[in-house]
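Each remark here refers to the structure printed beneath this line.
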Amino acid sequence: MLVRSQCRRCGALMRVELADLVARHGEGWSLIDAQERCRMVACDGAAFYLAAPTYGAAWRILIEDERLRETLADAPPPMTARVLVKGAEGR
C-alpha cells in the first residue's frame with residue numbers, strides 16, 4: 001500500500017511512510033478522516049491522506065466524513081516538486 005498526504009492550504013503532496021505512522025500512532029490508528037500539520041516550511045495548513053494499492057493505480061482520498069469531503073472543493077491542486085521546479089525556472 002502506498003500513502004501520500006496532501007495539504008488543504010498549499011496543495012503540497014508528500015510521500016508518507018507507513019512504518020513512521022505506525023511508530024507515531026500505533027498499529028490500530030486509522031488514516032480514514034485523519035489529518036496532520038502540513039510538513040511544508042511556512043505552511044500552517046492541515047494535510048489529509050490518500051492511498052493506492054501500487055504505483056500506477058488510482059489514488060483514493062481517505063476522507064469519508066461528508067463535511068470534510070465538501071471542504072476539498074476549495075483546496076488547491078496537488079503541488080509536487082515538478083510543479084515547484086517548473087515555476088522556479090520561469091523566474
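To be explicit about the labels: the chains of the C-alpha cells are called A, B, and onward in the order shown, and within each one the residues are counted from 1, while ligands get numbers from 1 in the order they are shown.
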Distance query Ser5 (chain A) at most 10 Å, only C-alpha atoms, self and fewer than 4 positions along chain excluded, as a PDB file with N, CA, C and O atoms, in the first residue's frame:
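The resulting file, selection.pdb, is shown below:
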ATOM      1  N   GLY A  11      -1.458  22.687  -0.985  1.00  0.00           N
ATOM      2  CA  GLY A  11      -1.528  21.650  -2.005  1.00  0.00           C
ATOM      3  C   GLY A  11      -0.340  20.702  -2.018  1.00  0.00           C
ATOM      4  O   GLY A  11      -0.285  19.794  -2.841  1.00  0.00           O
ATOM      5  N   ALA A  12       0.651  20.905  -1.119  1.00  0.00           N
ATOM      6  CA  ALA A  12       1.843  20.053  -1.101  1.00  0.00           C
ATOM      7  C   ALA A  12       1.447  18.582  -1.014  1.00  0.00           C
ATOM      8  O   ALA A  12       0.669  18.182  -0.152  1.00  0.00           O
ATOM      9  N   LEU A  13       1.969  17.801  -1.939  1.00  0.00           N
ATOM     10  CA  LEU A  13       1.728  16.362  -1.986  1.00  0.00           C
ATOM     11  C   LEU A  13       3.007  15.692  -1.501  1.00  0.00           C
ATOM     12  O   LEU A  13       4.068  15.875  -2.100  1.00  0.00           O
ATOM     13  N   MET A  14       2.923  14.953  -0.395  1.00  0.00           N
ATOM     14  CA  MET A  14       4.111  14.370   0.240  1.00  0.00           C
ATOM     15  C   MET A  14       3.982  12.856   0.373  1.00  0.00           C
ATOM     16  O   MET A  14       2.890  12.345   0.634  1.00  0.00           O
ATOM     17  N   ARG A  15       5.112  12.170   0.213  1.00  0.00           N
ATOM     18  CA  ARG A  15       5.136  10.725   0.479  1.00  0.00           C
ATOM     19  C   ARG A  15       4.984  10.511   1.982  1.00  0.00           C
ATOM     20  O   ARG A  15       5.497  11.278   2.789  1.00  0.00           O
ATOM     21  N   VAL A  16       4.320   9.419   2.336  1.00  0.00           N
ATOM     22  CA  VAL A  16       4.153   9.055   3.742  1.00  0.00           C
ATOM     23  C   VAL A  16       4.620   7.610   3.902  1.00  0.00           C
ATOM     24  O   VAL A  16       4.246   6.742   3.115  1.00  0.00           O
ATOM     25  N   GLN A  35      -6.053  13.808   9.842  1.00  0.00           N
ATOM     26  CA  GLN A  35      -5.325  14.942   9.284  1.00  0.00           C
ATOM     27  C   GLN A  35      -4.141  15.241  10.192  1.00  0.00           C
ATOM     28  O   GLN A  35      -4.152  14.898  11.370  1.00  0.00           O
ATOM     29  N   GLU A  36      -3.117  15.874   9.621  1.00  0.00           N
ATOM     30  CA  GLU A  36      -1.972  16.307  10.410  1.00  0.00           C
ATOM     31  C   GLU A  36      -1.450  17.616   9.843  1.00  0.00           C
ATOM     32  O   GLU A  36      -1.839  18.012   8.746  1.00  0.00           O
ATOM     33  N   CYS A  38       0.669  20.252   7.938  1.00  0.00           N
ATOM     34  CA  CYS A  38       1.434  20.211   6.695  1.00  0.00           C
ATOM     35  C   CYS A  38       2.923  20.265   7.039  1.00  0.00           C
ATOM     36  O   CYS A  38       3.329  20.989   7.949  1.00  0.00           O
ATOM     37  N   ARG A  39       3.729  19.526   6.304  1.00  0.00           N
ATOM     38  CA  ARG A  39       5.175  19.498   6.550  1.00  0.00           C
ATOM     39  C   ARG A  39       5.943  20.512   5.701  1.00  0.00           C
ATOM     40  O   ARG A  39       7.157  20.620   5.818  1.00  0.00           O
ATOM     41  N   ALA A  46      -3.482  21.931   7.092  1.00  0.00           N
ATOM     42  CA  ALA A  46      -3.676  20.558   7.544  1.00  0.00           C
ATOM     43  C   ALA A  46      -3.707  19.647   6.323  1.00  0.00           C
ATOM     44  O   ALA A  46      -4.307  19.969   5.307  1.00  0.00           O
ATOM     45  N   ALA A  47      -3.049  18.504   6.436  1.00  0.00           N
ATOM     46  CA  ALA A  47      -2.973  17.554   5.330  1.00  0.00           C
ATOM     47  C   ALA A  47      -3.868  16.354   5.601  1.00  0.00           C
ATOM     48  O   ALA A  47      -3.980  15.887   6.733  1.00  0.00           O
ATOM     49  N   PHE A  48      -4.484  15.846   4.541  1.00  0.00           N
ATOM     50  CA  PHE A  48      -5.281  14.623   4.614  1.00  0.00           C
ATOM     51  C   PHE A  48      -4.510  13.527   3.889  1.00  0.00           C
ATOM     52  O   PHE A  48      -3.497  13.785   3.237  1.00  0.00           O
ATOM     53  N   TYR A  49      -4.982  12.292   3.975  1.00  0.00           N
ATOM     54  CA  TYR A  49      -4.265  11.161   3.397  1.00  0.00           C
ATOM     55  C   TYR A  49      -4.946  10.624   2.145  1.00  0.00           C
ATOM     56  O   TYR A  49      -6.166  10.699   1.989  1.00  0.00           O
ATOM     57  N   LEU A  50      -4.105  10.048   1.268  1.00  0.00           N
ATOM     58  CA  LEU A  50      -4.555   9.352   0.071  1.00  0.00           C
ATOM     59  C   LEU A  50      -3.825   8.008   0.048  1.00  0.00           C
ATOM     60  O   LEU A  50      -2.714   7.899   0.581  1.00  0.00           O
ATOM     61  N   ALA A  51      -4.414   6.999  -0.583  1.00  0.00           N
ATOM     62  CA  ALA A  51      -3.768   5.688  -0.661  1.00  0.00           C
ATOM     63  C   ALA A  51      -4.006   5.062  -2.028  1.00  0.00           C
ATOM     64  O   ALA A  51      -5.019   5.331  -2.685  1.00  0.00           O
ATOM     65  N   ILE A  61      -8.843   9.206  -1.966  1.00  0.00           N
ATOM     66  CA  ILE A  61      -8.826  10.139  -0.840  1.00  0.00           C
ATOM     67  C   ILE A  61      -9.446   9.429   0.362  1.00  0.00           C
ATOM     68  O   ILE A  61     -10.544   8.879   0.255  1.00  0.00           O
ATOM     69  N   LEU A  62      -8.749   9.439   1.478  1.00  0.00           N
ATOM     70  CA  LEU A  62      -9.198   8.696   2.659  1.00  0.00           C
ATOM     71  C   LEU A  62     -10.032   9.563   3.603  1.00  0.00           C
ATOM     72  O   LEU A  62      -9.791   9.628   4.803  1.00  0.00           O
ATOM     73  N   PRO A  78      -2.945  19.527  -6.331  1.00  0.00           N
ATOM     74  CA  PRO A  78      -1.722  18.944  -5.768  1.00  0.00           C
ATOM     75  C   PRO A  78      -0.483  19.679  -6.272  1.00  0.00           C
ATOM     76  O   PRO A  78      -0.369  20.004  -7.452  1.00  0.00           O
TER      77      PRO A  78
END
May I have all residues of chain A that DSSP, computed from the backbone, assigns to strand (DSSP E), given as a short mmCIF file (atom, residue, chain, number, x, y, z; two decimals) with N, CA, C and O atoms, in the first residue's frame?
data_model
loop_
_atom_site.label_atom_id
_atom_site.label_comp_id
_atom_site.auth_asym_id
_atom_site.auth_seq_id
_atom_site.Cartn_x
_atom_site.Cartn_y
_atom_site.Cartn_z
N LEU A 2 0.54 2.19 -0.84
CA LEU A 2 1.25 3.47 -0.90
C LEU A 2 0.39 4.54 -0.26
O LEU A 2 -0.83 4.55 -0.45
N VAL A 3 1.01 5.44 0.47
CA VAL A 3 0.26 6.50 1.16
C VAL A 3 0.94 7.83 0.87
O VAL A 3 2.17 7.94 0.83
N ARG A 4 0.11 8.85 0.66
CA ARG A 4 0.56 10.23 0.50
C ARG A 4 -0.30 11.11 1.37
O ARG A 4 -1.39 10.73 1.77
N SER A 5 0.19 12.32 1.60
CA SER A 5 -0.65 13.33 2.25
C SER A 5 -0.70 14.54 1.32
O SER A 5 0.22 14.77 0.53
N GLN A 6 -1.79 15.26 1.39
CA GLN A 6 -1.95 16.48 0.59
C GLN A 6 -2.50 17.58 1.47
O GLN A 6 -3.50 17.41 2.17
N CYS A 7 -1.85 18.73 1.42
CA CYS A 7 -2.25 19.85 2.26
C CYS A 7 -3.47 20.56 1.68
O CYS A 7 -3.53 20.82 0.48
N LEU A 13 1.97 17.80 -1.94
CA LEU A 13 1.73 16.36 -1.99
C LEU A 13 3.01 15.69 -1.50
O LEU A 13 4.07 15.87 -2.10
N MET A 14 2.92 14.95 -0.40
CA MET A 14 4.11 14.37 0.24
C MET A 14 3.98 12.86 0.37
O MET A 14 2.89 12.35 0.63
N ARG A 15 5.11 12.17 0.21
CA ARG A 15 5.14 10.72 0.48
C ARG A 15 4.98 10.51 1.98
O ARG A 15 5.50 11.28 2.79
N VAL A 16 4.32 9.42 2.34
CA VAL A 16 4.15 9.05 3.74
C VAL A 16 4.62 7.61 3.90
O VAL A 16 4.25 6.74 3.12
N GLN A 35 -6.05 13.81 9.84
CA GLN A 35 -5.32 14.94 9.28
C GLN A 35 -4.14 15.24 10.19
O GLN A 35 -4.15 14.90 11.37
N GLU A 36 -3.12 15.87 9.62
CA GLU A 36 -1.97 16.31 10.41
C GLU A 36 -1.45 17.62 9.84
O GLU A 36 -1.84 18.01 8.75
N ARG A 37 -0.59 18.27 10.59
CA ARG A 37 0.00 19.53 10.12
C ARG A 37 0.76 19.30 8.83
O ARG A 37 1.43 18.29 8.65
N ALA A 46 -3.48 21.93 7.09
CA ALA A 46 -3.68 20.56 7.54
C ALA A 46 -3.71 19.65 6.32
O ALA A 46 -4.31 19.97 5.31
N ALA A 47 -3.05 18.50 6.44
CA ALA A 47 -2.97 17.55 5.33
C ALA A 47 -3.87 16.35 5.60
O ALA A 47 -3.98 15.89 6.73
N PHE A 48 -4.48 15.85 4.54
CA PHE A 48 -5.28 14.62 4.61
C PHE A 48 -4.51 13.53 3.89
O PHE A 48 -3.50 13.79 3.24
N TYR A 49 -4.98 12.29 3.98
CA TYR A 49 -4.27 11.16 3.40
C TYR A 49 -4.95 10.62 2.15
O TYR A 49 -6.17 10.70 1.99
N LEU A 50 -4.10 10.05 1.27
CA LEU A 50 -4.55 9.35 0.07
C LEU A 50 -3.82 8.01 0.05
O LEU A 50 -2.71 7.90 0.58
N ALA A 51 -4.41 7.00 -0.58
CA ALA A 51 -3.77 5.69 -0.66
C ALA A 51 -4.01 5.06 -2.03
O ALA A 51 -5.02 5.33 -2.68
N ALA A 52 -3.05 4.24 -2.44
CA ALA A 52 -3.16 3.47 -3.68
C ALA A 52 -2.53 2.11 -3.42
O ALA A 52 -1.57 2.00 -2.65
N ARG A 60 -6.90 7.03 -3.84
CA ARG A 60 -8.19 7.23 -3.18
C ARG A 60 -8.01 8.18 -2.00
O ARG A 60 -7.13 7.98 -1.17
N ILE A 61 -8.84 9.21 -1.97
CA ILE A 61 -8.83 10.14 -0.84
C ILE A 61 -9.45 9.43 0.36
O ILE A 61 -10.54 8.88 0.26
#
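Each of A:Ile32, A:Met1, A:Leu21, A:Cys10 was checked against Asp65 (chain A) using only C-alpha atoms; the smallest atom-to-atom distance is that of A:Ile32.
Distance annotation: of A:Glu89, A:Asp44, A:Glu70, A:Glu64, the residue with the minimal separation from Arg9 (chain A) is A:Asp44; atom set is only C-alpha atoms.
Comparing the minimum interatomic distances between Glu66 (chain A) and each of A:Asp33, A:Ala81, A:Thr54, A:Leu18, counting only C-alpha atoms, we find that A:Asp33 sits nearest.
Here the DSSP assignment of alpha helix (DSSP H), based on backbone atoms, applies within region 4-82 of chain A to A:Leu18, A:Ala19, A:Asp20, A:Leu21, A:Val22, A:Ala23, A:Arg24, A:His25, A:Glu66, A:Arg67, A:Leu68, A:Arg69, A:Glu70, A:Thr71, A:Ala81, A:Arg82.
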Serialized selection, N, CA, C and O atoms, as a compact mmCIF listing (two decimals), in the first residue's frame:
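Okay, out_37.txt is ready:
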# COMPACT_ATOMS: atom_id res chain seq x y z
N LEU A 18 4.43 4.26 5.89
CA LEU A 18 3.53 3.60 6.84
C LEU A 18 4.23 3.24 8.14
O LEU A 18 3.64 3.35 9.22
N ALA A 19 5.48 2.82 8.07
CA ALA A 19 6.22 2.48 9.29
C ALA A 19 6.32 3.68 10.23
O ALA A 19 6.24 3.52 11.45
N ASP A 20 6.50 4.87 9.68
CA ASP A 20 6.54 6.08 10.51
C ASP A 20 5.21 6.33 11.19
O ASP A 20 5.16 6.71 12.37
N LEU A 21 4.11 6.15 10.46
CA LEU A 21 2.79 6.36 11.05
C LEU A 21 2.53 5.36 12.18
O LEU A 21 2.00 5.72 13.24
N VAL A 22 2.90 4.11 11.96
CA VAL A 22 2.71 3.09 13.00
C VAL A 22 3.55 3.42 14.22
O VAL A 22 3.08 3.31 15.36
N ALA A 23 4.78 3.87 14.01
CA ALA A 23 5.64 4.24 15.14
C ALA A 23 5.06 5.41 15.94
O ALA A 23 5.15 5.44 17.16
N ARG A 24 4.44 6.36 15.25
CA ARG A 24 3.90 7.55 15.93
C ARG A 24 2.55 7.30 16.57
O ARG A 24 2.25 7.84 17.64
N HIS A 25 1.69 6.52 15.89
CA HIS A 25 0.29 6.41 16.33
C HIS A 25 -0.13 5.02 16.79
O HIS A 25 -1.22 4.86 17.32
N GLU A 66 -18.57 13.39 5.14
CA GLU A 66 -19.07 14.27 4.08
C GLU A 66 -18.72 15.74 4.31
O GLU A 66 -18.41 16.45 3.37
N ARG A 67 -18.78 16.19 5.55
CA ARG A 67 -18.44 17.60 5.84
C ARG A 67 -16.99 17.89 5.50
O ARG A 67 -16.67 18.93 4.93
N LEU A 68 -16.10 16.96 5.82
CA LEU A 68 -14.69 17.14 5.48
C LEU A 68 -14.48 17.06 3.97
O LEU A 68 -13.71 17.82 3.39
N ARG A 69 -15.17 16.13 3.30
CA ARG A 69 -15.04 15.99 1.85
C ARG A 69 -15.47 17.25 1.11
O ARG A 69 -14.85 17.64 0.13
N GLU A 70 -16.53 17.88 1.59
CA GLU A 70 -17.03 19.11 0.94
C GLU A 70 -15.99 20.22 0.97
O GLU A 70 -15.92 21.03 0.05
N THR A 71 -15.15 20.26 2.00
CA THR A 71 -14.14 21.31 2.10
C THR A 71 -13.03 21.15 1.07
O THR A 71 -12.29 22.09 0.80
N ALA A 81 7.04 18.48 -6.56
CA ALA A 81 8.35 19.10 -6.82
C ALA A 81 8.46 19.51 -8.28
O ALA A 81 9.04 20.54 -8.59
N ARG A 82 7.90 18.74 -9.19
CA ARG A 82 7.94 19.09 -10.61
C ARG A 82 7.28 20.45 -10.86
O ARG A 82 7.78 21.27 -11.61
